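Below is one structure, written out as structure tokens; the observations come after it.
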Amino acid sequence: MPLQGLLRFRIRWISLLIMLSLLGALSTEVKADTTGVAELETKAARGYVEQELELAADYFAGRGVPKDLTQSAYWYRKAADQGNPAAQVYLGYMYTVGLGVPEDKAEAVRWYRRAASAGNAEAEVNLAALYIRGDGVKQDIQEALRLLKSAADKRDGRADAYLGLASYMGLGVAVDHAAAETWFKMGAKQHDPEAEFLLASLDANEPGRVPDVVNEAKLLRLSAAAGYVPAMHGAGLLLVNHPDLAQPPEEATNLLLSAAYAGYWQSSAALGMLARDGRHMPKDQRVAYRWFCIAVFQGGSPAETYLHPGLRRLAQSLPDPASVEQEAAAWRQTHPNRDLFVYANEMNPKYFPILEVYATPHTSKPEVGDQTEQPN
């Protein structure tokens with residue numbers, strides 16, 4: 001994508017930075033359920049913070065108990081009230097998007113501030129995001145950058161990634177792509193999947209640079225392995241468009257399938273194009289139409305507008321398009337749209353409401369069909 005194309009995405013990039021920051025920080029790993037729920041509840045009711053956190057995580061993920069976000073928020077609040085920074089971050093996140101509690105950005109700010117005052121880097125990154133947008137607090141880009149730098153000093157890879165985005169876009173600082181690359185590399189050294197993804201994106205699209213697709217594939221695979229859904233999509237497309245890259249059979253389609261199952265409509269659209277054209281999978285117009293319908297279910301009007309010509313042609317080519325549409329609807333019933341997810345691992349919840357269009361500069365332009373129907 002040329003530079004002017006990237007600049008058109010500036011506002012979307014800011015939104016991406018905000019939403020990634022708000023919801024990507026939930027990185028405390030959920031422990032295995034080694035005690036019974038009754039024992040957990042007994043200890044949690046007595047104010048044992050570790051059991052409060054574990055019970056909250058169980059209710060959040062539906063592990064050993066019915067999934068209940070209200071109960072999850074209740075137990076996170078218990079631990080947060082006792083001063084546990086991780087619980088404060090979780091609770092702030094739940095108020096940010098209204099999970100188990102009413103959406104309340106000002107309340108989210110309060111909890112993030114409490115955790116940030118204890119030096120919690122995740123809280124600093126999330127609070128920075130709210131300052132960038134002015135949600136629940138007066139907009140203050142410089143305060144956001146201060147918080148991100150504080151988190152970066154604590155070796156938080158996400159903070160590195162977002163400081164890189166700030167340099168790339170000129171958000172509160174001068175536009176400086178070299179500085180952006182330095183920040184992305186620092187985040188990648190911390191094995192941050194978002195930094196790895198952004199570093200691959202920059203390599204693919206920086207004007208005047210000869211892309212290193214081998215390194216891009218390495219970075220995207222690392223990011224995808226951590227469950228980062230946009231990287232699954234980007235890696236899948238990169239492998240489709242570069243069959244010369246060493247790749248196991250079906251790796252590209254499996255990556256796209258993983259992203260599609262996580263609710264990423266662009267991957268569902270890409271799978272439809274591959275089935276339509278007989279690339280990386282048998283040519284099958286019925287399968288192609290089913291994936292296109294799934295993509296529309298997942299992506300709504302943007303996906304429908306994007307795929308409209310292909311949808312129309314495929315529907316006209318099939319003797320029973322209505323039955324395929326029913327199959328797609330049935331698929332959606334058993335695979336609910338996980339449009340909150342940016343990380344596919346629900347047991348280590350890092351996710352956010354996926355934007356209408358991902359403003360990612362990666363990858364090299366897809367080559368899976370008509371130019372008017374290219375997934376991002």
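Residue numbering restarts at 1 for every chain of the structure tokens, chains are lettered A, B, ... in their displayed order, and ligands are numbered from 1 as they appear.
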**Request:** Output as a ChimeraX atom specification all residues of range 74-144 of chain A that backbone DSSP marks as helix (DSSP H, G or I).
**Result:** /A:74-81,85-97,105-117,121-133,141-144
**Item:** Surrounding residues of range 47-62 of chain A excluding itself and chain neighbours under 6 positions, 6 Å, only C-alpha atoms, as number ranges by chain
**Value:** A: 40, 68-69, 72, 75-76, 79
**Request:** For Ala188 in chain A, list every protein, DNA or RNA residue within 10 Å, evaluated using only C-alpha atoms, and leave out those in the same chain fewer than 2 positions away; present the list as number ranges by chain.
**Result:** A: 157-158, 160-161, 182-186, 190-199, 219, 222-223
**Prompt:** Expressed in Å to a single decimal, how great is the separation between CA of Ala151 in chain A and CA of Arg114 in chain A?
**Reply:**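 According to the coordinates, CA of Ala151 in chain A and CA of Arg114 in chain A are separated by 14.8 Å.
The closest residue to Glu216 in chain A, picked from A:Arg313, A:Arg290, A:His242, A:Arg77 and counting only C-alpha atoms, is A:His242.
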**Prompt:** Quick one: residues within 9 Å of Ala159 in chain A, only C-alpha atoms counted, chain neighbours fewer than 6 positions away excluded, as a list in words?
**Reply:**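 Those residues are Ser21, Ala121, Glu122, Glu124, Val125, Leu147, Leu148, Lys149, Ser150, Ala151, Ala152, Asp153, Trp183 and Gly187 of chain A.
Of note, CA of Trp111 in chain A and CA of Arg133 in chain A are spaced 17.2 Å apart.
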**Asked** Nearest to Cys293 in chain A among A:Ala226, A:Ala259, A:Ala329, A:Leu271, with distances taken over only C-alpha atoms: which residue is it?
**Response**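 Under the stated criterion, the closest residue is A:Ala329.
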